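Accompanying notes for the structure given below.
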Amino acid sequence: MSFKSIVREIKEMKEGIGIMYRKKVEAKNMYRHGKSHIAPECSSPISISLSPIETPSSSSSSLSQSKWASLPPELLLDIIQRVEASETSWPSRRALVACALVCRLWREITKSVVKTPEQCGWITFPISLKQPGPRDNSIQCFIKRERVSSTYSLYLGLSPALSGDMSKLLLAAKKIRRATCTEFLISLVSDDFSQASNTYIGKLRSNFLGTKFTILDGHSPRDSSLPSNCELHQKVHRKQVLPRAATANYKVATVSYELNVLRTRGPRRMRCTMHLIPISSVQEGGTAPTPMEFSNFRNERESSKGKKPEVVEFGSTCTDSAREPLILKNKAPRWHEQLQCWCLNFKGRVTVASVKNFQLVAAAEPCHNVSAAEQEKVILQFGKIGKDIFTMDFRYPLSAFQAFAICLSSFDTKPACE
């Protein structure tokens, strides 16, 4: 059998699974035209699905008994490597997800072939959203804001006009105002923001004034991905979390805005403390924590029913400056005399002036031994290009989830900061 025929049959198999999924969703009246998302990691290697809502276990088991499951591993490895090299963008990259759907062997080989965003610059599986971006360039995305529903959708692509139907939904968030704070619940899909759902990723929570935000991860970081100086400290904040939340949220970052009540300090000033990313990650030869799989959130949710929700924080037990958490600060804009406004060079990615626009760079002290060139690199930039349309470009050492959460903090009202 030729390589082309094998790839053609894989695509036909993928289309068949997609048809089965659509029939199930239509039966439940949950289908929405144009919606797309990355399939989440499941506890069982065989039960990966094109949707985090349905798991076609029956179709997976039947496929596992097909002729595809009996291919020699060497041939299978060569096939998947060729598919991975040829399908470099969405939606064609779904062929890799289809390969992981066949059986346990296909899934394990596909996971071994697909590289992290830091290595290849591509986002494939849901865990890619928690992994650092590429070092040499940025992953370009855009955010659409829906004012009526108070939702925010993160898409992979340059802009709605340029990407069109090729845009890939990565994450979605819903803004919820409470008596003492504002929360942004982050999910893999745009129609389910329940913290008890498989699609729940994490959330962003503000203080009363909207000057400080906490990024909470809905999955427990793996021990291997934590910096060696981090320890877990459980603190129960019963008044600050939803009473029905079934699992703990893990505090991974803090975003702070400087007070500017008199509006004499120019644009917003912000600092982001990344508790799980050490300052050594931006030093020469440094690395950032890279989780390779989600924690078994299904079992965690089931085992924690009836328990009080918790917020788990990370504390440093080492005084080594290289292991201090990475701190990001917004790049200072310059005043343009002719335009009479503050300006930053977004290299064409931002076209509308807004107080929300910002660029983040590493804030390093001389003792951290971070080169001047590294301190000038823009790690995250966010800005407006149209009505309710914003671009978001991020790179190493931030992940898509961390970058999206930081950008969401810019949407909240900050009367004391501007």
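We name chains A, B, ... following the order of the structure tokens; residues begin at 1 in each chain, and ligands are numbered from 1 as shown.
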Segment 387-394 of chain A surroundings by only C-alpha atoms, 9 Å radius, close-in-sequence under 6 positions cut, as an mmCIF file with N, CA and C atoms, in the first residue's frame:
data_model
loop_
_atom_site.group_PDB
_atom_site.id
_atom_site.type_symbol
_atom_site.label_atom_id
_atom_site.label_comp_id
_atom_site.auth_asym_id
_atom_site.auth_seq_id
_atom_site.Cartn_x
_atom_site.Cartn_y
_atom_site.Cartn_z
ATOM 1 N N GLY A 133 5.745 28.725 24.673
ATOM 2 C CA GLY A 133 5.772 28.982 23.248
ATOM 3 C C GLY A 133 7.178 28.901 22.687
ATOM 4 N N PRO A 134 7.324 29.145 21.391
ATOM 5 C CA PRO A 134 8.642 29.047 20.748
ATOM 6 C C PRO A 134 9.589 30.151 21.204
ATOM 7 N N ASN A 137 10.403 32.890 17.665
ATOM 8 C CA ASN A 137 9.327 33.706 17.099
ATOM 9 C C ASN A 137 8.106 33.607 17.994
ATOM 10 N N SER A 138 7.080 34.350 17.639
ATOM 11 C CA SER A 138 5.858 34.388 18.444
ATOM 12 C C SER A 138 4.756 33.576 17.784
ATOM 13 N N ILE A 139 3.859 33.062 18.612
ATOM 14 C CA ILE A 139 2.624 32.451 18.114
ATOM 15 C C ILE A 139 1.576 33.558 18.063
ATOM 16 N N GLN A 140 1.036 33.796 16.888
ATOM 17 C CA GLN A 140 0.118 34.916 16.673
ATOM 18 C C GLN A 140 -1.329 34.462 16.810
ATOM 19 N N CYS A 141 -2.061 35.153 17.664
ATOM 20 C CA CYS A 141 -3.459 34.831 17.932
ATOM 21 C C CYS A 141 -4.279 36.118 17.955
ATOM 22 N N PHE A 142 -5.588 35.964 18.048
ATOM 23 C CA PHE A 142 -6.456 37.127 18.252
ATOM 24 C C PHE A 142 -7.608 36.752 19.178
ATOM 25 N N ILE A 143 -8.147 37.757 19.836
ATOM 26 C CA ILE A 143 -9.224 37.586 20.819
ATOM 27 C C ILE A 143 -10.450 38.339 20.343
ATOM 28 N N LYS A 144 -11.594 37.659 20.365
ATOM 29 C CA LYS A 144 -12.878 38.290 20.040
ATOM 30 C C LYS A 144 -13.691 38.453 21.324
ATOM 31 N N ARG A 145 -14.189 39.664 21.525
ATOM 32 C CA ARG A 145 -14.990 39.956 22.714
ATOM 33 C C ARG A 145 -16.467 40.037 22.343
ATOM 34 N N GLU A 146 -17.304 39.321 23.078
ATOM 35 C CA GLU A 146 -18.754 39.387 22.919
ATOM 36 C C GLU A 146 -19.320 40.137 24.113
ATOM 37 N N ARG A 147 -19.722 41.369 23.896
ATOM 38 C CA ARG A 147 -20.173 42.213 25.005
ATOM 39 C C ARG A 147 -21.475 41.705 25.634
ATOM 40 N N LEU A 154 -10.305 33.034 22.276
ATOM 41 C CA LEU A 154 -8.942 33.105 21.763
ATOM 42 C C LEU A 154 -8.814 32.196 20.552
ATOM 43 N N LEU A 158 -3.884 35.221 12.431
ATOM 44 C CA LEU A 158 -3.447 36.614 12.393
ATOM 45 C C LEU A 158 -4.560 37.565 12.791
ATOM 46 N N SER A 159 -5.740 37.386 12.197
ATOM 47 C CA SER A 159 -6.905 38.229 12.472
ATOM 48 C C SER A 159 -8.117 37.564 11.837
ATOM 49 N N PRO A 160 -9.345 37.967 12.232
ATOM 50 C CA PRO A 160 -10.538 37.373 11.607
ATOM 51 C C PRO A 160 -10.586 37.603 10.102
ATOM 52 N N ARG A 349 0.976 44.886 14.193
ATOM 53 C CA ARG A 349 -0.006 43.963 14.763
ATOM 54 C C ARG A 349 -1.097 44.680 15.544
ATOM 55 N N VAL A 350 -0.908 45.951 15.868
ATOM 56 C CA VAL A 350 -1.913 46.743 16.586
ATOM 57 C C VAL A 350 -2.141 48.025 15.802
ATOM 58 N N ASN A 357 -3.702 48.377 25.322
ATOM 59 C CA ASN A 357 -2.534 47.901 24.583
ATOM 60 C C ASN A 357 -1.308 47.842 25.494
ATOM 61 N N VAL A 378 10.192 41.093 23.433
ATOM 62 C CA VAL A 378 8.790 41.199 23.841
ATOM 63 C C VAL A 378 8.241 39.786 23.998
ATOM 64 N N ILE A 379 7.908 39.418 25.221
ATOM 65 C CA ILE A 379 7.410 38.075 25.509
ATOM 66 C C ILE A 379 5.918 37.963 25.220
ATOM 67 N N LEU A 380 5.194 39.032 25.469
ATOM 68 C CA LEU A 380 3.745 39.056 25.217
ATOM 69 C C LEU A 380 3.344 40.452 24.783
ATOM 70 N N GLN A 381 2.595 40.535 23.706
ATOM 71 C CA GLN A 381 2.030 41.822 23.309
ATOM 72 C C GLN A 381 0.553 41.649 22.989
ATOM 73 N N ALA A 400 0.127 29.518 26.166
ATOM 74 C CA ALA A 400 -1.079 30.166 25.658
ATOM 75 C C ALA A 400 -2.064 30.462 26.781
ATOM 76 N N ALA A 403 -0.675 33.458 28.830
ATOM 77 C CA ALA A 403 -0.774 34.696 28.060
ATOM 78 C C ALA A 403 -2.219 35.165 27.960
ATOM 79 N N PHE A 404 -3.146 34.247 27.717
ATOM 80 C CA PHE A 404 -4.563 34.597 27.614
ATOM 81 C C PHE A 404 -5.082 35.155 28.930
ATOM 82 N N CYS A 407 -3.873 38.722 29.423
ATOM 83 C CA CYS A 407 -4.607 39.644 28.559
ATOM 84 C C CYS A 407 -6.024 39.883 29.066
#
Checklist entry - Which residues come within 12 Å of Thr182 of chain A, counting only C-alpha atoms, excluding same-chain residues fewer than 5 positions away, as a list in words? => result Ser150, Lys174, Lys175, Ile176, Arg177, Lys203, Leu204, Arg205, Ser206, Asn207, Phe208, Leu209, Gly210, Thr211, Lys212, Phe213, Thr214, Gln240, Val241, Leu408, Ser409, Phe411, Asp412, Thr413 and Lys414 of chain A
With N, CA, C and O atoms retained, could you export that selection as an mmCIF file, in the first residue's frame?
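Written out: result.cif:
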data_model
loop_
_atom_site.group_PDB
_atom_site.id
_atom_site.type_symbol
_atom_site.label_atom_id
_atom_site.label_comp_id
_atom_site.auth_asym_id
_atom_site.auth_seq_id
_atom_site.Cartn_x
_atom_site.Cartn_y
_atom_site.Cartn_z
ATOM 1 N N SER A 150 -20.599 38.562 27.576
ATOM 2 C CA SER A 150 -19.400 38.738 28.414
ATOM 3 C C SER A 150 -18.443 37.561 28.256
ATOM 4 O O SER A 150 -17.910 37.038 29.222
ATOM 5 N N LYS A 174 -15.341 33.411 30.226
ATOM 6 C CA LYS A 174 -16.584 34.106 30.551
ATOM 7 C C LYS A 174 -16.369 34.977 31.781
ATOM 8 O O LYS A 174 -15.853 34.508 32.794
ATOM 9 N N LYS A 175 -16.754 36.233 31.664
ATOM 10 C CA LYS A 175 -16.580 37.190 32.751
ATOM 11 C C LYS A 175 -17.784 37.144 33.685
ATOM 12 O O LYS A 175 -18.929 37.244 33.240
ATOM 13 N N ILE A 176 -17.508 36.976 34.976
ATOM 14 C CA ILE A 176 -18.570 36.907 35.979
ATOM 15 C C ILE A 176 -18.258 37.922 37.073
ATOM 16 O O ILE A 176 -17.209 37.847 37.726
ATOM 17 N N ARG A 177 -19.153 38.863 37.279
ATOM 18 C CA ARG A 177 -18.976 39.876 38.322
ATOM 19 C C ARG A 177 -19.582 39.370 39.627
ATOM 20 O O ARG A 177 -20.710 38.890 39.656
ATOM 21 N N LYS A 203 -8.873 29.866 35.856
ATOM 22 C CA LYS A 203 -9.606 31.116 35.925
ATOM 23 C C LYS A 203 -8.696 32.249 36.364
ATOM 24 O O LYS A 203 -7.591 32.038 36.879
ATOM 25 N N LEU A 204 -9.192 33.459 36.156
ATOM 26 C CA LEU A 204 -8.528 34.683 36.583
ATOM 27 C C LEU A 204 -9.442 35.394 37.556
ATOM 28 O O LEU A 204 -10.632 35.553 37.288
ATOM 29 N N ARG A 205 -8.896 35.817 38.695
ATOM 30 C CA ARG A 205 -9.710 36.475 39.721
ATOM 31 C C ARG A 205 -9.075 37.806 40.107
ATOM 32 O O ARG A 205 -7.855 37.897 40.292
ATOM 33 N N SER A 206 -9.894 38.835 40.236
ATOM 34 C CA SER A 206 -9.405 40.169 40.604
ATOM 35 C C SER A 206 -9.727 40.474 42.055
ATOM 36 O O SER A 206 -10.547 39.803 42.686
ATOM 37 N N ASN A 207 -9.080 41.509 42.582
ATOM 38 C CA ASN A 207 -9.472 42.021 43.893
ATOM 39 C C ASN A 207 -10.591 43.038 43.713
ATOM 40 O O ASN A 207 -11.085 43.264 42.605
ATOM 41 N N PHE A 208 -10.991 43.683 44.803
ATOM 42 C CA PHE A 208 -12.148 44.578 44.750
ATOM 43 C C PHE A 208 -11.899 45.791 43.843
ATOM 44 O O PHE A 208 -12.788 46.221 43.110
ATOM 45 N N LEU A 209 -10.680 46.352 43.863
ATOM 46 C CA LEU A 209 -10.360 47.550 43.090
ATOM 47 C C LEU A 209 -9.966 47.243 41.655
ATOM 48 O O LEU A 209 -9.841 48.153 40.835
ATOM 49 N N GLY A 210 -9.740 45.976 41.343
ATOM 50 C CA GLY A 210 -9.309 45.627 39.999
ATOM 51 C C GLY A 210 -7.855 45.972 39.739
ATOM 52 O O GLY A 210 -7.449 46.172 38.589
ATOM 53 N N THR A 211 -7.042 46.032 40.813
ATOM 54 C CA THR A 211 -5.629 46.356 40.675
ATOM 55 C C THR A 211 -4.728 45.133 40.776
ATOM 56 O O THR A 211 -3.559 45.202 40.421
ATOM 57 N N LYS A 212 -5.258 44.029 41.258
ATOM 58 C CA LYS A 212 -4.464 42.819 41.406
ATOM 59 C C LYS A 212 -5.279 41.620 40.948
ATOM 60 O O LYS A 212 -6.437 41.460 41.334
ATOM 61 N N PHE A 213 -4.650 40.773 40.131
ATOM 62 C CA PHE A 213 -5.318 39.612 39.574
ATOM 63 C C PHE A 213 -4.490 38.365 39.881
ATOM 64 O O PHE A 213 -3.262 38.401 39.868
ATOM 65 N N THR A 214 -5.194 37.270 40.132
ATOM 66 C CA THR A 214 -4.555 35.992 40.418
ATOM 67 C C THR A 214 -4.944 34.994 39.338
ATOM 68 O O THR A 214 -6.129 34.808 39.060
ATOM 69 N N GLN A 240 -13.686 33.119 48.806
ATOM 70 C CA GLN A 240 -13.210 33.631 47.539
ATOM 71 C C GLN A 240 -13.421 32.661 46.386
ATOM 72 O O GLN A 240 -13.052 32.962 45.270
ATOM 73 N N VAL A 241 -13.948 31.483 46.651
ATOM 74 C CA VAL A 241 -14.152 30.519 45.589
ATOM 75 C C VAL A 241 -15.607 30.094 45.551
ATOM 76 O O VAL A 241 -16.357 30.292 46.499
ATOM 77 N N LEU A 408 -6.646 38.865 29.655
ATOM 78 C CA LEU A 408 -7.995 39.042 30.195
ATOM 79 C C LEU A 408 -8.012 40.074 31.311
ATOM 80 O O LEU A 408 -9.017 40.779 31.494
ATOM 81 N N SER A 409 -6.913 40.202 32.054
ATOM 82 C CA SER A 409 -6.872 41.190 33.131
ATOM 83 C C SER A 409 -6.998 42.602 32.587
ATOM 84 O O SER A 409 -7.437 43.514 33.300
ATOM 85 N N PHE A 411 -9.081 43.562 30.365
ATOM 86 C CA PHE A 411 -10.479 43.856 30.040
ATOM 87 C C PHE A 411 -11.281 44.309 31.250
ATOM 88 O O PHE A 411 -12.368 44.877 31.095
ATOM 89 N N ASP A 412 -10.807 44.050 32.447
ATOM 90 C CA ASP A 412 -11.570 44.405 33.631
ATOM 91 C C ASP A 412 -11.470 45.902 33.901
ATOM 92 O O ASP A 412 -10.462 46.547 33.577
ATOM 93 N N THR A 413 -12.489 46.463 34.518
ATOM 94 C CA THR A 413 -12.521 47.893 34.834
ATOM 95 C C THR A 413 -11.527 48.206 35.940
ATOM 96 O O THR A 413 -11.468 47.528 36.957
ATOM 97 N N LYS A 414 -10.734 49.283 35.717
ATOM 98 C CA LYS A 414 -9.712 49.679 36.694
ATOM 99 C C LYS A 414 -9.812 51.179 36.945
ATOM 100 O O LYS A 414 -8.999 51.981 36.448
#
Neighbours of Gly285 of chain A within 12 Å (only C-alpha atoms; same-chain residues fewer than 5 positions away dropped), as a PDB file with N, CA and C atoms, in the first residue's frame?
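File produced: selection_3.pdb:
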ATOM      1  N   ARG A 135      10.899  29.893  21.105  1.00  0.00           N
ATOM      2  CA  ARG A 135      11.909  30.861  21.522  1.00  0.00           C
ATOM      3  C   ARG A 135      12.218  31.885  20.433  1.00  0.00           C
ATOM      4  N   ILE A 279      13.436  32.799  37.013  1.00  0.00           N
ATOM      5  CA  ILE A 279      14.134  33.800  36.218  1.00  0.00           C
ATOM      6  C   ILE A 279      15.215  33.157  35.369  1.00  0.00           C
ATOM      7  N   SER A 280      15.698  31.985  35.793  1.00  0.00           N
ATOM      8  CA  SER A 280      16.732  31.283  35.030  1.00  0.00           C
ATOM      9  C   SER A 280      16.237  30.833  33.660  1.00  0.00           C
ATOM     10  N   ASN A 369      21.966  37.977  35.735  1.00  0.00           N
ATOM     11  CA  ASN A 369      22.782  37.596  34.567  1.00  0.00           C
ATOM     12  C   ASN A 369      21.934  37.335  33.325  1.00  0.00           C
ATOM     13  N   VAL A 370      20.968  38.211  33.102  1.00  0.00           N
ATOM     14  CA  VAL A 370      20.136  38.136  31.893  1.00  0.00           C
ATOM     15  C   VAL A 370      20.666  39.169  30.904  1.00  0.00           C
ATOM     16  N   SER A 371      20.967  38.737  29.694  1.00  0.00           N
ATOM     17  CA  SER A 371      21.546  39.628  28.691  1.00  0.00           C
ATOM     18  C   SER A 371      20.593  40.767  28.344  1.00  0.00           C
TER      19      SER A 371
END
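If only C-alpha atoms are the atoms counted, then among A:Thr254, A:Thr151, A:Asn249, A:Ser220 the closest residue to Gln195 of chain A is A:Asn249.
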Checklist entry - Can you tell me, as number ranges by chain, what residues are no more than 8 Å from Leu129 of chain A when counting only C-alpha atoms, ignoring any on the same chain fewer than 3 positions away? => result A: 123, 125-126, 170, 399-401
Checklist entry - Suppose you want the space between atom CA of Ser295 of chain A and atom CA of Leu105 of chain A; what is it in Å? => result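 Atom CA of Leu105 of chain A lies 20.8 Å from atom CA of Ser295 of chain A.
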